[in-house]
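To be precise, the following lines are input-v9.pdb, and they hold PDB, C-alpha atoms.
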MODEL        1
ATOM      1  CA  MET A 286     -27.513 -26.816 -18.237
ATOM      2  CA  SER A 287     -30.593 -28.011 -20.124
ATOM      3  CA  THR A 288     -32.761 -25.824 -17.865
ATOM      4  CA  MET A 289     -30.650 -22.767 -18.656
ATOM      5  CA  ARG A 290     -30.830 -23.458 -22.395
ATOM      6  CA  GLY A 291     -34.639 -23.586 -22.224
ATOM      7  CA  LEU A 292     -34.873 -20.080 -20.761
ATOM      8  CA  PRO A 293     -35.251 -16.980 -22.925
ATOM      9  CA  LYS A 294     -32.067 -15.129 -23.845
ATOM     10  CA  ALA A 295     -32.847 -12.195 -21.534
ATOM     11  CA  ALA A 296     -33.393 -14.557 -18.599
ATOM     12  CA  ARG A 297     -30.106 -16.349 -19.290
ATOM     13  CA  LEU A 298     -28.227 -13.050 -19.413
ATOM     14  CA  SER A 299     -29.875 -11.957 -16.166
ATOM     15  CA  ALA A 300     -28.947 -15.231 -14.477
ATOM     16  CA  ARG A 301     -25.355 -14.953 -15.658
ATOM     17  CA  GLY A 302     -25.183 -11.344 -14.533
ATOM     18  CA  LEU A 303     -26.537 -12.292 -11.102
ATOM     19  CA  LEU A 304     -24.033 -15.112 -10.805
ATOM     20  CA  LEU A 305     -21.142 -12.861 -11.821
ATOM     21  CA  GLY A 306     -22.333 -10.219  -9.364
ATOM     22  CA  LEU A 307     -22.414 -12.731  -6.517
ATOM     23  CA  LEU A 308     -18.950 -14.004  -7.402
ATOM     24  CA  MET A 309     -17.579 -10.474  -7.653
ATOM     25  CA  THR A 310     -19.110  -9.587  -4.284
ATOM     26  CA  ALA A 311     -17.578 -12.666  -2.673
ATOM     27  CA  PHE A 312     -14.204 -11.774  -4.201
ATOM     28  CA  LEU A 313     -14.245  -8.095  -3.191
ATOM     29  CA  ALA A 314     -15.745  -8.552   0.290
ATOM     30  CA  PRO A 315     -12.397  -9.312   2.026
ATOM     31  CA  PHE A 316     -10.795  -6.228   0.450
ATOM     32  CA  TYR A 317     -13.713  -4.061   1.562
ATOM     33  CA  LEU A 318     -13.532  -5.383   5.125
ATOM     34  CA  MET A 319      -9.771  -4.918   5.221
ATOM     35  CA  LEU A 320      -9.948  -1.293   4.043
ATOM     36  CA  ARG A 321     -12.912  -0.509   6.301
ATOM     37  CA  ASN A 322     -11.161  -1.881   9.370
ATOM     38  CA  ALA A 323      -7.922  -0.095   8.469
ATOM     39  CA  LEU A 324      -9.727   3.266   8.608
ATOM     40  CA  MET A 325     -11.356   2.645  12.003
ATOM     41  CA  ASP A 326     -10.072   3.035  15.540
ATOM     42  CA  THR A 327      -9.890   0.297  18.152
ATOM     43  CA  GLN A 328     -13.199   1.320  19.741
ATOM     44  CA  GLY A 329     -15.010   1.087  16.425
ATOM     45  CA  LEU A 330     -13.476  -2.275  15.586
ATOM     46  CA  THR A 331     -14.437  -3.824  18.924
ATOM     47  CA  SER A 332     -17.912  -2.272  19.040
ATOM     48  CA  PRO A 333     -20.801  -4.786  18.867
ATOM     49  CA  GLU A 334     -22.674  -2.450  16.513
ATOM     50  CA  TRP A 335     -21.972  -2.976  12.828
ATOM     51  CA  THR A 336     -21.107   0.015  10.653
ATOM     52  CA  TRP A 337     -20.658  -0.225   6.903
ATOM     53  CA  TRP A 338     -18.115   2.595   6.820
ATOM     54  CA  PRO A 339     -16.428   4.602   9.591
ATOM     55  CA  SER A 340     -17.935   8.026  10.212
ATOM     56  CA  THR A 341     -14.454   9.355  10.899
ATOM     57  CA  MET A 342     -11.683   7.876   8.788
ATOM     58  CA  HIS A 343      -8.422   7.443  10.670
ATOM     59  CA  PHE A 344      -5.729   7.815   8.039
ATOM     60  CA  GLU A 345      -3.203   8.126  10.845
ATOM     61  CA  ASN A 346      -3.327   4.337  11.073
ATOM     62  CA  PHE A 347      -1.281   4.247   7.879
ATOM     63  CA  THR A 348       1.177   6.958   8.864
ATOM     64  CA  SER A 349       1.800   5.350  12.254
ATOM     65  CA  LEU A 350       2.935   2.191  10.464
ATOM     66  CA  PHE A 351       6.108   3.902   9.333
ATOM     67  CA  SER A 352       6.666   5.945  12.516
ATOM     68  CA  ASP A 353       6.496   3.086  15.015
ATOM     69  CA  PRO A 354      10.012   2.662  16.476
ATOM     70  CA  ALA A 355       9.282  -0.914  17.567
ATOM     71  CA  VAL A 356       8.439  -2.147  14.054
ATOM     72  CA  SER A 357      10.308  -0.826  11.016
ATOM     73  CA  MET A 358       7.637  -1.405   8.398
ATOM     74  CA  GLY A 359       9.611   0.485   5.758
ATOM     75  CA  THR A 360      12.612  -1.823   6.197
ATOM     76  CA  ALA A 361      10.365  -4.889   6.218
ATOM     77  CA  LEU A 362       8.647  -3.867   2.973
ATOM     78  CA  THR A 363      12.018  -3.177   1.363
ATOM     79  CA  ASN A 364      13.299  -6.598   2.426
ATOM     80  CA  SER A 365      10.209  -8.344   1.068
ATOM     81  CA  LEU A 366      10.445  -6.473  -2.218
ATOM     82  CA  LEU A 367      14.153  -7.258  -2.582
ATOM     83  CA  ILE A 368      13.683 -10.942  -1.740
ATOM     84  CA  ALA A 369      10.733 -11.362  -4.119
ATOM     85  CA  ALA A 370      12.426  -9.356  -6.891
ATOM     86  CA  ILE A 371      15.435 -11.698  -6.764
ATOM     87  CA  THR A 372      13.659 -14.988  -6.097
ATOM     88  CA  ALA A 373      11.015 -14.652  -8.836
ATOM     89  CA  PRO A 374      13.251 -14.135 -11.921
ATOM     90  CA  VAL A 375      16.142 -16.332 -10.765
ATOM     91  CA  SER A 376      13.984 -19.314  -9.768
ATOM     92  CA  THR A 377      11.947 -18.992 -12.980
ATOM     93  CA  LEU A 378      15.044 -18.908 -15.207
ATOM     94  CA  LEU A 379      16.578 -21.882 -13.370
ATOM     95  CA  ALA A 380      13.337 -23.828 -13.781
ATOM     96  CA  SER A 381      13.201 -22.896 -17.461
ATOM     97  CA  ALA A 382      16.752 -24.100 -18.093
ATOM     98  CA  ALA A 383      16.175 -27.327 -16.171
ATOM     99  CA  GLY A 384      12.879 -27.945 -17.944
ATOM    100  CA  TYR A 385      14.510 -27.487 -21.347
ATOM    101  CA  ALA A 386      17.307 -29.867 -20.401
ATOM    102  CA  PHE A 387      14.824 -32.541 -19.328
ATOM    103  CA  ALA A 388      12.778 -32.065 -22.490
ATOM    104  CA  ARG A 389      15.545 -31.936 -25.093
ATOM    105  CA  ILE A 390      19.042 -33.001 -23.994
ATOM    106  CA  PRO A 391      19.410 -36.819 -24.284
ATOM    107  CA  VAL A 392      21.734 -37.580 -21.370
ATOM    108  CA  PRO A 393      21.988 -40.965 -19.612
ATOM    109  CA  GLY A 394      19.829 -41.177 -16.520
ATOM    110  CA  ARG A 395      17.560 -38.325 -17.537
ATOM    111  CA  GLY A 396      14.481 -40.278 -16.494
ATOM    112  CA  VAL A 397      15.975 -41.051 -13.083
ATOM    113  CA  LEU A 398      16.785 -37.400 -12.513
ATOM    114  CA  LEU A 399      13.278 -36.401 -13.547
ATOM    115  CA  GLY A 400      11.899 -38.955 -11.103
ATOM    116  CA  LEU A 401      13.964 -37.394  -8.321
ATOM    117  CA  VAL A 402      12.569 -33.979  -9.189
ATOM    118  CA  VAL A 403       9.031 -35.371  -9.016
ATOM    119  CA  ALA A 404       9.878 -37.078  -5.711
ATOM    120  CA  THR A 405      10.773 -33.736  -4.145
ATOM    121  CA  LEU A 406       7.164 -32.650  -4.687
ATOM    122  CA  MET A 407       6.020 -35.523  -2.468
ATOM    123  CA  ILE A 408       8.285 -34.649   0.474
ATOM    124  CA  PRO A 409       6.546 -32.430   3.058
ATOM    125  CA  GLY A 410       8.302 -29.161   3.735
ATOM    126  CA  SER A 411       8.376 -29.939   7.469
ATOM    127  CA  VAL A 412      10.732 -32.850   6.770
ATOM    128  CA  THR A 413      13.382 -30.704   5.090
ATOM    129  CA  PHE A 414      12.882 -27.592   7.207
ATOM    130  CA  VAL A 415      15.325 -28.427  10.013
ATOM    131  CA  PRO A 416      18.094 -29.841   7.742
ATOM    132  CA  THR A 417      17.827 -26.749   5.532
ATOM    133  CA  PHE A 418      18.108 -24.486   8.561
ATOM    134  CA  VAL A 419      21.185 -26.390   9.791
ATOM    135  CA  VAL A 420      22.885 -26.042   6.397
ATOM    136  CA  VAL A 421      22.028 -22.370   5.978
ATOM    137  CA  GLY A 422      22.970 -21.617   9.571
ATOM    138  CA  SER A 423      26.339 -23.371   9.259
ATOM    139  CA  MET A 424      27.064 -21.161   6.238
ATOM    140  CA  GLY A 425      26.293 -17.993   8.176
ATOM    141  CA  GLY A 426      22.922 -17.347   6.578
ATOM    142  CA  VAL A 427      21.001 -16.479   9.755
ATOM    143  CA  ASN A 428      19.841 -12.830   9.828
ATOM    144  CA  THR A 429      20.804 -12.379   6.182
ATOM    145  CA  LEU A 430      18.644 -11.873   3.131
ATOM    146  CA  TRP A 431      20.547 -14.451   1.084
ATOM    147  CA  GLY A 432      19.722 -17.035   3.753
ATOM    148  CA  ILE A 433      16.046 -16.378   3.023
ATOM    149  CA  ILE A 434      16.461 -16.261  -0.755
ATOM    150  CA  VAL A 435      18.685 -19.223  -1.672
ATOM    151  CA  PRO A 436      16.518 -22.140  -0.376
ATOM    152  CA  GLY A 437      13.585 -20.855  -2.436
ATOM    153  CA  LEU A 438      15.386 -20.712  -5.775
ATOM    154  CA  PHE A 439      14.561 -24.297  -6.783
ATOM    155  CA  ASN A 440      10.957 -24.885  -7.822
ATOM    156  CA  PRO A 441      10.358 -28.474  -8.980
ATOM    157  CA  PHE A 442       6.767 -27.772  -9.978
ATOM    158  CA  ALA A 443       7.916 -25.004 -12.328
ATOM    159  CA  VAL A 444      10.536 -27.378 -13.767
ATOM    160  CA  LEU A 445       7.826 -29.885 -14.686
ATOM    161  CA  LEU A 446       5.658 -27.181 -16.254
ATOM    162  CA  PHE A 447       8.547 -25.910 -18.353
ATOM    163  CA  ARG A 448       9.447 -29.454 -19.384
ATOM    164  CA  ASN A 449       5.899 -30.086 -20.612
ATOM    165  CA  PHE A 450       5.933 -26.759 -22.435
ATOM    166  CA  TYR A 451       9.211 -27.480 -24.242
ATOM    167  CA  LEU A 452       8.061 -30.999 -25.151
ATOM    168  CA  GLN A 453       5.290 -29.361 -27.182
ATOM    169  CA  PHE A 454       7.655 -26.828 -28.720
ATOM    170  CA  PRO A 455       8.129 -27.417 -32.505
ATOM    171  CA  THR A 456      11.393 -29.236 -33.125
ATOM    172  CA  GLU A 457      11.577 -27.905 -36.705
ATOM    173  CA  ILE A 458      12.534 -24.465 -35.395
ATOM    174  CA  GLU A 459      15.357 -25.946 -33.337
ATOM    175  CA  GLU A 460      16.561 -27.995 -36.296
ATOM    176  CA  ALA A 461      16.868 -24.788 -38.312
ATOM    177  CA  GLY A 462      18.920 -23.297 -35.497
ATOM    178  CA  ARG A 463      21.121 -26.364 -35.368
ATOM    179  CA  LEU A 464      21.871 -25.951 -39.076
ATOM    180  CA  ASP A 465      23.149 -22.473 -38.197
ATOM    181  CA  GLY A 466      25.642 -24.049 -35.804
ATOM    182  CA  LEU A 467      23.825 -23.542 -32.491
ATOM    183  CA  GLY A 468      24.442 -25.962 -29.634
ATOM    184  CA  TRP A 469      22.059 -26.871 -26.851
ATOM    185  CA  PHE A 470      22.730 -23.677 -24.919
ATOM    186  CA  GLY A 471      22.427 -21.560 -28.045
ATOM    187  CA  LEU A 472      19.147 -23.216 -28.984
ATOM    188  CA  TYR A 473      17.807 -22.573 -25.511
ATOM    189  CA  ARG A 474      19.011 -18.977 -25.263
ATOM    190  CA  ARG A 475      18.156 -17.845 -28.796
ATOM    191  CA  ILE A 476      15.045 -19.885 -29.643
ATOM    192  CA  ALA A 477      13.390 -21.685 -26.719
ATOM    193  CA  LEU A 478      13.728 -19.031 -24.028
ATOM    194  CA  PRO A 479      12.390 -16.078 -26.104
ATOM    195  CA  SER A 480       9.443 -18.254 -27.188
ATOM    196  CA  SER A 481       8.369 -19.015 -23.615
ATOM    197  CA  GLY A 482       7.453 -15.472 -22.609
ATOM    198  CA  ALA A 483       3.982 -16.356 -21.336
ATOM    199  CA  MET A 484       5.329 -19.176 -19.184
ATOM    200  CA  LEU A 485       8.103 -16.980 -17.817
ATOM    201  CA  ALA A 486       5.675 -14.187 -16.964
ATOM    202  CA  SER A 487       3.064 -16.437 -15.358
ATOM    203  CA  LEU A 488       5.412 -18.554 -13.267
ATOM    204  CA  GLY A 489       7.486 -15.488 -12.403
ATOM    205  CA  ALA A 490       4.370 -13.736 -11.103
ATOM    206  CA  LEU A 491       3.376 -16.794  -9.071
ATOM    207  CA  ALA A 492       6.911 -17.047  -7.674
ATOM    208  CA  PHE A 493       6.798 -13.357  -6.699
ATOM    209  CA  ILE A 494       3.484 -13.830  -4.886
ATOM    210  CA  ASP A 495       4.701 -16.980  -3.126
ATOM    211  CA  SER A 496       7.916 -15.289  -2.012
ATOM    212  CA  TRP A 497       6.079 -12.189  -0.801
ATOM    213  CA  ASN A 498       3.647 -14.261   1.284
ATOM    214  CA  SER A 499       6.300 -16.537   2.789
ATOM    215  CA  PHE A 500       6.262 -16.408   6.577
ATOM    216  CA  LEU A 501       7.737 -19.396   8.433
ATOM    217  CA  TRP A 502      11.156 -19.573   6.766
ATOM    218  CA  PRO A 503      11.832 -15.795   6.948
ATOM    219  CA  LEU A 504      10.646 -15.893  10.584
ATOM    220  CA  VAL A 505      13.218 -18.538  11.514
ATOM    221  CA  ILE A 506      16.116 -17.102   9.498
ATOM    222  CA  GLY A 507      15.418 -13.379   9.992
ATOM    223  CA  GLN A 508      15.648 -13.288  13.780
ATOM    224  CA  ASP A 509      16.952  -9.720  13.876
ATOM    225  CA  PRO A 510      14.441  -6.913  13.099
ATOM    226  CA  SER A 511      16.737  -5.656  10.333
ATOM    227  CA  ALA A 512      16.064  -8.894   8.419
ATOM    228  CA  TRP A 513      12.304  -8.983   8.992
ATOM    229  CA  THR A 514       9.956  -9.194   6.036
ATOM    230  CA  ALA A 515       6.550  -7.530   5.731
ATOM    231  CA  GLN A 516       4.697 -10.639   6.906
ATOM    232  CA  ILE A 517       6.802 -10.880  10.065
ATOM    233  CA  ALA A 518       6.317  -7.185  10.777
ATOM    234  CA  LEU A 519       2.565  -7.679  10.453
ATOM    235  CA  SER A 520       2.604 -10.481  13.022
ATOM    236  CA  THR A 521       3.957  -8.097  15.682
ATOM    237  CA  PHE A 522       0.656  -6.196  15.737
ATOM    238  CA  LEU A 523      -1.152  -9.212  17.191
ATOM    239  CA  THR A 524       0.697 -11.022  19.975
ATOM    240  CA  SER A 525      -0.150 -12.420  23.404
ATOM    241  CA  GLN A 526       1.005  -9.134  24.987
ATOM    242  CA  THR A 527      -0.288  -6.505  22.556
ATOM    243  CA  ILE A 528      -3.247  -6.216  20.194
ATOM    244  CA  ASN A 529      -3.212  -3.396  17.620
ATOM    245  CA  LEU A 530      -6.090  -4.161  15.291
ATOM    246  CA  PRO A 531      -6.092  -0.839  13.356
ATOM    247  CA  GLY A 532      -2.347  -1.179  12.742
ATOM    248  CA  LEU A 533      -2.763  -4.808  11.720
ATOM    249  CA  PHE A 534      -5.427  -4.025   9.108
ATOM    250  CA  ALA A 535      -3.593  -0.937   7.859
ATOM    251  CA  GLY A 536      -0.440  -3.001   7.461
ATOM    252  CA  ALA A 537      -2.412  -5.693   5.654
ATOM    253  CA  VAL A 538      -3.714  -3.119   3.163
ATOM    254  CA  VAL A 539      -0.196  -1.810   2.540
ATOM    255  CA  THR A 540       1.384  -5.241   2.146
ATOM    256  CA  ILE A 541      -1.335  -6.662  -0.092
ATOM    257  CA  THR A 542      -1.251  -3.744  -2.535
ATOM    258  CA  PRO A 543       1.842  -4.979  -4.464
ATOM    259  CA  LEU A 544       0.233  -8.406  -4.846
ATOM    260  CA  VAL A 545      -3.002  -6.938  -6.184
ATOM    261  CA  VAL A 546      -1.059  -4.844  -8.695
ATOM    262  CA  MET A 547       1.032  -7.861  -9.679
ATOM    263  CA  PHE A 548      -2.052 -10.003 -10.216
ATOM    264  CA  LEU A 549      -3.907  -7.362 -12.231
ATOM    265  CA  VAL A 550      -0.899  -6.893 -14.508
ATOM    266  CA  ALA A 551      -0.028 -10.571 -14.927
ATOM    267  CA  GLN A 552      -3.418 -12.322 -14.716
ATOM    268  CA  ARG A 553      -3.621 -12.789 -18.501
ATOM    269  CA  TYR A 554      -0.127 -14.272 -18.598
ATOM    270  CA  ILE A 555      -0.862 -16.545 -15.625
ATOM    271  CA  VAL A 556      -3.871 -18.099 -17.353
ATOM    272  CA  GLU A 557      -2.122 -18.302 -20.729
ATOM    273  CA  GLY A 558       1.064 -19.759 -19.275
ATOM    274  CA  ILE A 559      -0.677 -22.491 -17.295
ATOM    275  CA  ALA A 560      -2.944 -23.311 -20.254
ATOM    276  CA  THR A 561      -0.030 -23.683 -22.674
ATOM    277  CA  SER A 562       2.145 -25.680 -20.283
ATOM    278  CA  GLY A 563       0.130 -28.850 -20.808
ATOM    279  CA  LEU A 564      -0.154 -31.822 -18.516
ATOM    280  CA  LYS A 565       1.085 -34.536 -20.832
ATOM    281  CA  GLY A 566       4.526 -35.694 -21.862
TER     282      GLY A 566
ENDMDL
END

Any chance you could put this one into structure tokens?
Amino acid sequence: MSTMRGLPKAARLSARGLLLGLLMTAFLAPFYLMLRNALMDTQGLTSPEWTWWPSTMHFENFTSLFSDPAVSMGTALTNSLLIAAITAPVSTLLASAAGYAFARIPVPGRGVLLGLVVATLMIPGSVTFVPTFVVVGSMGGVNTLWGIIVPGLFNPFAVLLFRNFYLQFPTEIEEAGRLDGLGWFGLYRRIALPSSGAMLASLGALAFIDSWNSFLWPLVIGQDPSAWTAQIALSTFLTSQTINLPGLFAGAVVTITPLVVMFLVAQRYIVEGIATSGLKG
């Protein structure tokens, strides 16, 4: 840092610009490779000669995604969108309500319950995977979308973030609401919840991305092709029997587009929400 401060202003700006350029290149390189490969044929992808861009762009790789009778990519994308659109807002609202309860409602054993929530973060997912499958399967959740959605509605990490956020929330505002006759639920619904917009947006966006990228649980529950998600449909392009590299990269471009749009729209809220959540309390 002292070396940078000793340089002239123009040199410092040039160094920062170079650093930002390198970081931007490293960030955009996977997207470039994905799009380049999606527009090539199998011969071009497996050729030992490197080409920066295909001389003939094969847009039929994208159209064949939705015309392949073996893999219903349209159904898989719809399932992923429906699952993520339900999981993200519901899990975020549940975490918000639980976090407010832990931060404000003085019930006996609140510390023990909070400790149990923290303990769930320390349990590997592989330990609870089989018991969760047995429970969901016994309830008829196999090959259903609700069987994929319900186990992902509880997010203990989001509960802790909301709790820390509400611990820093000014109590004077809630006291004014209590003078107006509001109870705990009224204080949460009318005051606390509307004031946590950044947290709701950031954690909701992260929950959407996590749900969209989920693979193992939807693979086990969605055994029928009608219940496949986009990630499972993608895996069918690369198996021990068949290898369809153009279809795999074209499908990757299609499935990653909603996540890129989500991140570009919500990136400011993600940073603001995590920054305001705090790590104390």

Query raised in the report: Can you tell me how far CA of Phe439 (chain A) sits from CA of Ile517 (chain A), in Å to one decimal?
Result: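 Atom-to-atom, CA of Phe439 (chain A) and CA of Ile517 (chain A) are spaced 22.9 Å apart.
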
Query raised in the report: Got a sec: who's within 10 Å of Tyr473 (chain A), counting only C-alpha atoms, leaving out chain neighbours fewer than 4 positions off, as number ranges by chain?
Result: A: 381-382, 385-386, 389, 451, 459, 467-469, 477-480

**Report entry** Proximity to Asn440 (chain A) - best of A:Ala380, A:Ile494, A:Leu519, A:Leu305, all atoms listed in the file
**Finding:**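 Between A:Ala380, A:Ile494, A:Leu519, A:Leu305, the residue approaching Asn440 (chain A) most closely is A:Ala380.
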
Once 8 Å is added on each side, what are the centre and the three edge lengths, in Å to one decimal, of the axis-aligned box enclosing the listed atoms of region 538-542 of chain A? Present them as JSON.
{"center_x": -1.2, "center_y": -4.2, "center_z": 0.3, "size_x": 21.1, "size_y": 20.9, "size_z": 21.7}

Report summary line: Residue with the minimum atom-to-atom distance to Val415 (chain A), picked from A:Thr514, A:Leu491, A:Leu501, A:Leu379 with all atoms listed in the file counted, is A:Leu501

What do you get, as a short mmCIF file (atom, residue, chain, number, x, y, z; two decimals) with C-alpha atoms, keeping the file's coordinate frame, if you spell out every residue that the PyMOL selection byres ((chain A and resi 429) around 12) selects here?
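Listing of expr-v4.cif after writing:
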data_model
loop_
_atom_site.label_atom_id
_atom_site.label_comp_id
_atom_site.auth_asym_id
_atom_site.auth_seq_id
_atom_site.Cartn_x
_atom_site.Cartn_y
_atom_site.Cartn_z
CA ASN A 364 13.30 -6.60 2.43
CA ILE A 368 13.68 -10.94 -1.74
CA VAL A 421 22.03 -22.37 5.98
CA GLY A 422 22.97 -21.62 9.57
CA MET A 424 27.06 -21.16 6.24
CA GLY A 425 26.29 -17.99 8.18
CA GLY A 426 22.92 -17.35 6.58
CA VAL A 427 21.00 -16.48 9.76
CA ASN A 428 19.84 -12.83 9.83
CA LEU A 430 18.64 -11.87 3.13
CA TRP A 431 20.55 -14.45 1.08
CA GLY A 432 19.72 -17.04 3.75
CA ILE A 433 16.05 -16.38 3.02
CA ILE A 434 16.46 -16.26 -0.76
CA VAL A 435 18.68 -19.22 -1.67
CA PRO A 503 11.83 -15.80 6.95
CA LEU A 504 10.65 -15.89 10.58
CA VAL A 505 13.22 -18.54 11.51
CA ILE A 506 16.12 -17.10 9.50
CA GLY A 507 15.42 -13.38 9.99
CA GLN A 508 15.65 -13.29 13.78
CA ASP A 509 16.95 -9.72 13.88
CA PRO A 510 14.44 -6.91 13.10
CA SER A 511 16.74 -5.66 10.33
CA ALA A 512 16.06 -8.89 8.42
CA TRP A 513 12.30 -8.98 8.99
CA THR A 514 9.96 -9.19 6.04
#

Report task. Apply the PyMOL selection byres ((chain A and resi 341) around 10) to the structure shown and report the selected residues as a ChimeraX atom specification. Result -> /A:324-326,329,338-340,342-344
